[in-house]
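Text of start_34.cif, listed as mmCIF, C-alpha atoms:
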data_upload
#
loop_
_atom_site.label_atom_id
_atom_site.label_comp_id
_atom_site.auth_asym_id
_atom_site.auth_seq_id
_atom_site.Cartn_x
_atom_site.Cartn_y
_atom_site.Cartn_z
CA MET A 1 9.14 19.03 -21.62
CA LYS A 2 7.28 15.81 -21.25
CA LEU A 3 9.42 12.83 -20.28
CA GLY A 4 6.95 10.04 -20.34
CA ARG A 5 3.31 9.18 -20.14
CA ILE A 6 2.27 6.36 -17.85
CA GLU A 7 -0.25 4.09 -19.48
CA LYS A 8 -2.81 2.26 -17.39
CA ARG A 9 -1.97 -1.43 -17.51
CA LYS A 10 -4.43 -4.24 -17.61
CA SER A 11 -4.06 -6.37 -14.51
CA LYS A 12 -2.36 -9.71 -15.00
CA ALA A 13 -3.81 -12.96 -13.74
CA ARG A 14 -1.35 -12.89 -10.85
CA ARG A 15 -2.16 -10.02 -8.52
CA SER A 16 0.69 -7.64 -9.13
CA GLU A 17 1.03 -3.90 -9.24
CA ALA A 18 3.35 -1.62 -11.15
CA VAL A 19 5.05 1.05 -9.09
CA ILE A 20 7.33 3.92 -9.93
CA LEU A 21 10.45 4.09 -7.78
CA PHE A 22 11.74 7.57 -7.11
CA SER A 23 14.00 9.33 -4.66
CA VAL A 24 13.58 12.28 -2.33
CA ALA A 25 16.73 13.36 -0.51
CA SER A 26 18.49 10.10 0.42
CA TYR A 27 15.32 8.03 0.50
CA ARG A 28 13.82 5.76 -2.11
CA LEU A 29 10.05 5.69 -2.30
CA ALA A 30 7.41 4.21 -4.56
CA ILE A 31 4.03 5.20 -5.86
CA ALA A 32 1.50 3.18 -7.82
CA ALA A 33 2.08 3.73 -11.52
CA GLN A 34 -1.66 3.81 -11.96
CA ALA A 35 -1.85 6.96 -9.81
CA VAL A 36 0.56 8.82 -12.08
CA GLU A 37 -0.46 10.34 -15.40
CA GLU A 38 2.86 11.68 -16.51
CA ILE A 39 6.48 12.26 -15.51
CA ARG A 40 7.95 15.61 -16.46
CA ASN A 41 10.90 17.83 -15.71
CA LEU A 42 10.38 21.17 -13.94
CA GLU A 43 9.94 23.23 -17.08
CA GLY A 44 6.93 25.54 -16.88
CA LEU A 45 6.82 25.60 -13.10
CA ARG A 46 5.94 28.97 -11.61
CA SER A 47 5.85 30.28 -8.05
CA PHE A 48 2.56 30.25 -6.26
CA HIS A 49 2.05 32.76 -3.44
CA GLN A 50 -0.73 31.90 -1.05
CA GLY A 51 -0.36 34.92 1.21
CA PHE A 52 -0.17 34.54 4.96
CA GLY A 53 -3.63 33.28 5.87
CA PRO A 54 -4.24 30.48 8.35
CA GLY A 55 -5.28 28.09 5.58
CA LYS A 56 -1.89 28.28 3.89
CA VAL A 57 -0.70 24.93 2.52
CA SER A 58 3.03 25.28 3.01
CA LYS A 59 3.99 22.21 1.00
CA VAL A 60 2.63 23.83 -2.17
CA LYS A 61 4.90 26.60 -3.41
CA SER A 62 4.47 26.35 -7.13
CA VAL A 63 2.01 25.47 -9.84
CA LEU A 64 2.32 24.01 -13.30
CA GLU A 65 0.14 25.16 -16.14
CA ARG A 66 -0.31 22.58 -18.85
CA ASP A 67 -2.94 22.37 -21.57
CA ASP A 68 -4.94 25.17 -19.88
CA LYS A 69 -4.94 23.27 -16.61
CA ILE A 70 -3.34 24.29 -13.33
CA TYR A 71 -1.60 21.67 -11.23
CA PHE A 72 -0.63 22.39 -7.64
CA VAL A 73 2.87 21.10 -7.05
CA ILE A 74 3.49 19.41 -3.71
CA ASP A 75 7.07 19.33 -2.45
CA ALA A 76 7.61 15.69 -1.50
CA ASN A 77 10.25 16.63 1.04
CA MET A 78 7.86 19.00 2.81
CA HIS A 79 5.00 16.52 2.62
CA LEU A 80 7.25 13.96 4.34
CA ARG A 81 8.54 16.51 6.87
CA MET A 82 12.10 16.37 5.60
CA LEU A 83 14.73 19.00 5.14
CA GLY A 84 15.23 20.42 1.70
CA SER A 85 16.09 18.24 -1.25
CA ARG A 86 16.72 18.99 -4.93
CA PRO A 87 13.60 18.33 -6.93
CA ALA A 88 14.20 17.71 -10.60
CA ARG A 89 11.13 15.77 -11.71
CA LEU A 90 7.38 16.10 -11.44
CA LEU A 91 4.92 13.28 -11.09
CA LEU A 92 1.60 14.53 -12.44
CA MET A 93 -1.15 12.69 -10.63
CA ARG A 94 -3.97 11.06 -12.52
CA ASP A 95 -7.52 12.42 -12.08
CA VAL A 96 -6.53 15.25 -9.76
CA ASN A 97 -4.86 18.63 -10.29
CA LEU A 98 -1.81 17.74 -8.23
CA ALA A 99 1.81 17.10 -9.03
CA LEU A 100 4.55 15.81 -6.75
CA SER A 101 8.06 17.18 -7.07
CA VAL A 102 10.74 14.56 -6.45
CA ASP A 103 14.50 14.47 -6.84
CA ALA A 104 14.86 11.68 -9.37
CA ILE A 105 13.00 8.83 -11.00
CA ASP A 106 14.68 5.49 -10.55
CA ARG A 107 12.66 2.93 -12.50
CA MET A 108 9.43 1.01 -12.56
CA ALA A 109 8.98 -2.25 -10.72
CA GLU A 110 6.33 -4.90 -10.45
CA ILE A 111 5.32 -5.78 -6.90
CA THR A 112 3.19 -8.64 -5.67
CA VAL A 113 3.29 -8.15 -1.89
CA LEU A 114 2.52 -4.94 -0.05
CA HIS A 115 3.53 -5.30 3.60
CA PRO A 116 1.51 -3.28 6.09
CA LEU A 117 3.40 -0.54 7.88
CA PRO A 118 4.45 -2.01 11.25
CA ARG A 119 2.08 -0.87 13.97
CA ALA A 120 4.99 0.62 15.90
CA PHE A 121 4.82 3.49 13.42
CA ARG A 122 2.13 5.69 14.89
CA GLY A 123 2.61 9.13 13.36
CA GLU A 124 1.56 10.82 10.16
CA GLU A 125 3.34 8.08 8.21
CA ARG A 126 0.32 5.84 8.79
CA ASN A 127 -1.48 8.17 6.42
CA TRP A 128 1.46 8.89 4.10
CA TYR A 129 2.08 5.27 3.13
CA ARG A 130 -0.07 2.45 1.81
CA GLY A 131 2.55 0.03 3.06
CA LEU A 132 6.08 -1.17 2.46
CA VAL A 133 7.50 -3.25 -0.37
CA LEU A 134 10.69 -5.23 -0.64
CA ILE A 135 12.63 -4.35 -3.76
CA GLY A 136 15.50 -6.80 -3.64
CA GLU A 137 16.73 -6.37 -0.09
CA ASP A 138 15.56 -2.78 0.18
CA VAL A 139 12.46 -1.75 2.07
CA VAL A 140 10.61 0.93 0.14
CA PRO A 141 7.56 2.82 1.42
CA VAL A 142 4.69 3.12 -1.06
CA LEU A 143 3.10 6.56 -0.99
CA ASN A 144 -0.62 6.92 -0.57
CA PRO A 145 -1.59 9.38 -3.32
CA ALA A 146 -4.93 10.07 -1.63
CA ALA A 147 -3.08 11.52 1.36
CA LEU A 148 -1.00 14.03 -0.54
CA ILE A 149 -3.48 16.75 0.27
CA THR A 150 -6.85 17.03 1.98
CA LYS A 151 -10.00 18.26 0.25
CA ALA A 152 -10.00 21.29 2.53
CA GLU A 153 -6.40 22.11 1.56
CA LEU A 154 -7.21 21.71 -2.12
CA SER A 155 -10.21 24.04 -1.77
CA ALA A 156 -8.04 26.55 0.06
CA LEU A 157 -5.47 26.45 -2.75
CA GLU A 158 -8.12 26.86 -5.44
CA SER A 159 -9.57 29.83 -3.59
CA VAL A 160 -6.25 31.67 -3.85
CA LEU A 161 -6.07 31.37 -7.63
CA PRO A 162 -7.52 34.13 -9.80
CA ARG A 163 -11.00 33.09 -11.00
CA SER A 164 -9.90 32.08 -14.49
CA GLU A 165 -7.07 29.92 -13.16
CA SER A 166 -9.32 28.48 -10.51
CA LEU A 167 -11.66 27.24 -13.21
CA ALA A 168 -8.67 25.73 -15.00
CA ALA A 169 -7.60 23.97 -11.81
CA LYS A 170 -11.09 22.60 -11.29
CA GLY A 171 -11.13 21.57 -14.94
CA ALA A 172 -7.95 19.60 -14.42
CA ALA A 173 -9.45 17.90 -11.40
CA SER A 174 -12.54 16.83 -13.25
CA ALA A 175 -10.72 15.92 -16.48
CA MET B 1 10.45 -21.46 28.56
CA PRO B 2 11.02 -18.14 26.85
CA GLU B 3 12.64 -18.27 23.44
CA SER B 4 15.45 -16.13 24.77
CA ALA B 5 16.49 -18.95 27.06
CA LYS B 6 17.24 -21.05 23.98
CA ASN B 7 19.27 -18.33 22.30
CA PRO B 8 23.00 -18.94 22.80
CA ALA B 9 23.67 -15.21 22.35
CA ILE B 10 21.80 -14.52 25.57
CA GLN B 11 23.91 -15.95 28.37
CA PRO B 12 22.25 -17.30 31.50
CA ALA B 13 23.31 -15.64 34.73
CA SER B 14 23.39 -17.26 38.12
CA SER B 15 21.12 -15.26 40.41
CA PRO B 16 19.81 -16.09 43.84
CA SER B 17 16.06 -16.66 44.12
CA PRO B 18 15.54 -17.36 47.81
CA SER B 19 11.79 -16.75 47.96
CA GLY B 20 10.91 -18.80 44.91
CA LYS B 21 9.13 -15.81 43.29
CA ALA B 22 11.92 -15.22 40.85
CA GLN B 23 11.02 -14.33 37.29
CA PRO B 24 13.16 -14.54 34.17
CA PHE B 25 14.50 -11.30 32.70
CA VAL B 26 16.79 -10.45 29.83
CA LEU B 27 19.46 -7.98 30.90
CA PHE B 28 20.72 -5.77 28.11
CA PRO B 29 23.59 -3.28 28.20
CA LEU B 30 23.43 0.33 27.04
CA GLY B 31 26.90 1.68 27.64
CA THR B 32 27.98 1.09 31.22
CA LYS B 33 24.47 0.48 32.50
CA ARG B 34 22.23 -2.55 32.16
CA PHE B 35 18.45 -2.66 31.96
CA ALA B 36 15.99 -5.53 32.09
CA LEU B 37 13.03 -6.67 30.06
CA PRO B 38 10.74 -9.56 31.00
CA ALA B 39 12.19 -12.59 29.19
CA GLY B 40 8.74 -13.55 27.95
CA ILE B 41 8.65 -10.68 25.48
CA VAL B 42 12.17 -11.22 24.14
CA THR B 43 12.50 -13.39 21.07
CA GLU B 44 16.22 -13.31 20.31
CA LEU B 45 19.42 -11.33 20.22
CA ALA B 46 20.29 -10.59 16.61
CA GLN B 47 23.55 -9.72 14.95
CA PRO B 48 23.92 -6.23 13.47
CA ASP B 49 21.81 -5.88 10.38
CA ARG B 50 21.26 -3.18 7.79
CA LEU B 51 19.12 -0.42 9.25
CA GLN B 52 16.84 1.01 6.58
CA PRO B 53 15.47 4.43 7.48
CA PHE B 54 12.59 6.17 5.73
CA PRO B 55 10.64 9.35 6.49
CA HIS B 56 8.27 9.14 9.44
CA THR B 57 7.32 11.09 12.57
CA THR B 58 7.22 8.45 15.33
CA PRO B 59 9.72 9.28 18.08
CA LEU B 60 12.51 6.76 18.80
CA LEU B 61 11.93 4.70 15.66
CA THR B 62 15.03 4.85 13.52
CA GLY B 63 13.96 2.65 10.61
CA VAL B 64 13.38 -1.01 9.86
CA LEU B 65 15.34 -4.23 9.45
CA VAL B 66 14.48 -7.20 7.31
CA ARG B 67 14.73 -10.30 9.46
CA ARG B 68 13.66 -13.73 8.20
CA GLY B 69 11.40 -12.11 5.64
CA ARG B 70 9.76 -9.87 8.21
CA ILE B 71 10.00 -6.10 8.26
CA VAL B 72 10.97 -5.23 11.83
CA PRO B 73 10.83 -1.66 13.16
CA VAL B 74 13.91 -0.50 15.08
CA TYR B 75 13.12 1.23 18.32
CA ASP B 76 16.15 2.99 19.78
CA ILE B 77 15.32 3.47 23.45
CA ALA B 78 18.91 4.34 24.39
CA GLU B 79 18.11 8.01 23.89
CA VAL B 80 15.58 7.81 26.72
CA LEU B 81 17.54 5.47 28.97
CA VAL B 82 21.10 6.81 28.71
CA GLY B 83 20.84 10.01 26.68
CA LYS B 84 21.56 11.02 23.11
CA ASN B 85 25.30 10.38 23.18
CA GLY B 86 25.18 6.73 24.09
CA PRO B 87 27.81 4.36 22.75
CA ALA B 88 27.45 2.56 19.42
CA ARG B 89 24.81 -0.14 19.37
CA LYS B 90 26.18 -3.55 18.36
CA PHE B 91 23.26 -5.95 18.48
CA TYR B 92 19.51 -5.94 18.22
CA LEU B 93 17.34 -7.41 20.92
CA ILE B 94 14.17 -8.59 19.22
CA ALA B 95 11.13 -8.09 21.45
CA ASN B 96 7.47 -8.83 20.92
CA ARG B 97 5.18 -5.86 21.38
CA GLU B 98 1.43 -5.96 21.36
CA PHE B 99 -0.66 -3.53 19.36
CA ASP B 100 -4.45 -3.80 19.52
CA GLY B 101 -4.22 -7.48 20.33
CA ALA B 102 -1.71 -8.26 17.58
CA ARG B 103 1.90 -9.09 18.33
CA GLU B 104 4.71 -7.54 16.36
CA TRP B 105 8.47 -7.79 16.51
CA THR B 106 10.49 -4.73 17.46
CA ALA B 107 14.29 -4.54 17.29
CA ILE B 108 15.97 -2.71 20.16
CA PRO B 109 19.59 -1.72 19.54
CA VAL B 110 21.85 -2.64 22.48
CA THR B 111 25.55 -2.12 23.01
CA GLY B 112 26.67 -5.62 23.91
CA GLU B 113 25.67 -9.17 24.66
CA CYS B 114 22.66 -9.84 26.82
CA GLU B 115 22.18 -12.07 29.81
CA LEU B 116 19.28 -14.14 31.00
CA ALA B 117 18.72 -13.76 34.73
CA SER B 118 16.16 -15.07 37.13
CA ALA B 119 15.43 -12.77 40.02
CA GLU B 120 12.62 -11.47 42.15
CA PRO B 121 11.66 -7.93 41.14
CA VAL B 122 11.60 -5.24 43.80
CA ALA B 123 8.98 -2.48 43.70
CA ARG B 124 10.09 0.75 42.11
CA THR B 125 10.57 3.88 44.14
CA GLY B 126 8.75 7.10 43.37
CA SER B 127 11.77 8.99 42.15
CA LEU B 128 12.37 6.69 39.18
CA PRO B 129 11.10 7.48 35.69
CA HIS B 130 7.60 6.16 35.00
CA TYR B 131 8.87 3.61 32.46
CA VAL B 132 10.78 1.77 35.23
CA THR B 133 8.34 -0.84 36.53
CA GLY B 134 10.62 -2.42 39.12
CA LEU B 135 14.18 -3.17 40.11
CA LEU B 136 16.36 -6.26 40.17
CA SER B 137 19.00 -6.65 42.81
CA LEU B 138 21.75 -8.78 41.29
CA HIS B 139 24.80 -9.19 43.52
CA ASP B 140 26.41 -5.73 43.42
CA GLU B 141 24.18 -4.31 40.68
CA ILE B 142 20.71 -2.77 40.69
CA VAL B 143 19.04 -3.14 37.31
CA GLU B 144 15.96 -1.19 36.24
CA ILE B 145 13.15 -3.18 34.64
CA VAL B 146 11.74 -1.10 31.80
CA ASP B 147 8.39 -1.10 30.05
CA LEU B 148 8.65 -0.52 26.30
CA GLU B 149 5.10 0.75 26.03
CA ARG B 150 5.63 3.38 28.69
CA ILE B 151 8.79 4.52 26.93
CA ALA B 152 6.73 4.80 23.73
CA GLU B 153 4.06 6.78 25.56
CA SER B 154 6.69 9.23 26.72
CA GLY B 155 7.39 9.92 23.06
CA GLY B 156 11.09 10.01 23.65
CA THR B 157 10.85 12.92 26.03
CA ALA B 158 11.18 11.05 29.31
#

Rewritten as structure tokens:
Amino acid sequence: MKLGRIEKRKSKARRSEAVILFSVASYRLAIAAQAVEEIRNLEGLRSFHQGFGPGKVSKVKSVLERDDKIYFVIDANMHLRMLGSRPARLLLMRDVNLALSVDAIDRMAEITVLHPLPRAFRGEERNWYRGLVLIGEDVVPVLNPAALITKAELSALESVLPRSESLAAKGAASA
Amino acid sequence: MPESAKNPAIQPASSPSPSGKAQPFVLFPLGTKRFALPAGIVTELAQPDRLQPFPHTTPLLTGVLVRRGRIVPVYDIAEVLVGKNGPARKFYLIANREFDGAREWTAIPVTGECELASAEPVARTGSLPHYVTGLLSLHDEIVEIVDLERIAESGGTA
């Protein structure tokens, strides 16, 4: 079931950006609304077995088939190296055959300042986040959608799909 | 004059400096032990604030604080200095760290009020952890001078 389609917004004169606030486990995160095509529930999700090869992308355990397209579903909690959470929503990414499973959608917000991640943070988070925003008094990391998966990982995932599904996945990516 | 010297929350201590080579240090408590940082890198001692954690993989960082509009990472070095079961941290010592030529505030949780002391550092001995850069002899107390960057290099495993 489709919950909502995210329309691309024309930029206002003041440099602002719309973000979607969502939660994973006890954390609140944000992602640019422009990077998200659609928000859905988990209906239609099916398990995706990659086997035991060295190229296994452990954060992808399921796929979503929609309109003859295959979306690889990334567990946000695994992407962010967290313990298990309870995903209930999918963020379908725009222009790529990826979806992100998250626990809940909070709301949309308009941001004008994206603070750089403090340099003291030196781990994978430098890649995970575009920066930090202040929503009221809360500091919220803004996910970098380009870092959800590498090209090599995506190729590895597509190679596991049966040929017909692989074409569908590639079709979704180029759509 | 370091900013810490102007901060009323950091109390000045009377320390002998017979040779005239004394340097200012901020002494901060972690449980029953005190450690020292060069006063020049300490900005202030801050009251407890709301720690905001988020997912990351950098050892010893526990989250961020918002202080005067700045987002300040919280760097809990107590785990390295006194072990995992240290007492509750009550204040934040705000220190300036340098990254690629740029300075950035870091909040260090401490367990009590800090003290500003002027003393001549003594060379470290070989048996001390590598993050101890020297020692201060203050009356009946020996205080280790620590280097935040070396603690960071240890990745919390020192």

Residue with smallest distance to Met82 in chain A - pool B:His56, B:His139, B:Arg50, B:Lys21, counting all atoms listed in the file:
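Closest residue, counting all atoms listed in the file: B:His56.
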
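As for CA of Ile41 in chain B and CA of Ala119 in chain B, they are spaced 16.2 Å apart.
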
For the PyMOL selection byres ((chain A and resi 74) around 12), applied here, can you spell out every residue it catches as number ranges by chain?
A: 45, 47-48, 57-64, 71-73, 75-80, 87, 89-93, 97-102, 145, 147-149, 153-154, 157

Within 10 Å of chain A: residues of chain B, using all atoms listed in the file, as number ranges by chain
B: 50-61, 63-66, 69-75, 97-100, 102-106, 152

Can you work out the spacing between CA of Ala95 in chain B and CA of Ser127 in chain B in Å, to one decimal?
26.8 Å

Could you spell out the hits of the PyMOL selection byres ((chain A and resi 112) around 7) on the shown file, as number ranges by chain?
A: 15-17, 110-111, 113-114

Just how far from CA of Glu153 in chain B is CA of Ala107 in chain B, in Å to one decimal?
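Those two atoms sit 17.4 Å apart.
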
Find, counting all atoms listed in the file, the residue in B:Gly101, B:Gly112, B:Gly86, B:Pro24 that gets nearest to Gly40 in chain B.
B:Pro24

Using only C-alpha atoms, which of the listed residues (B:Ala88, B:Ile151, B:Pro29, B:Ala22) sits closest to Glu115 in chain B?
B:Pro29
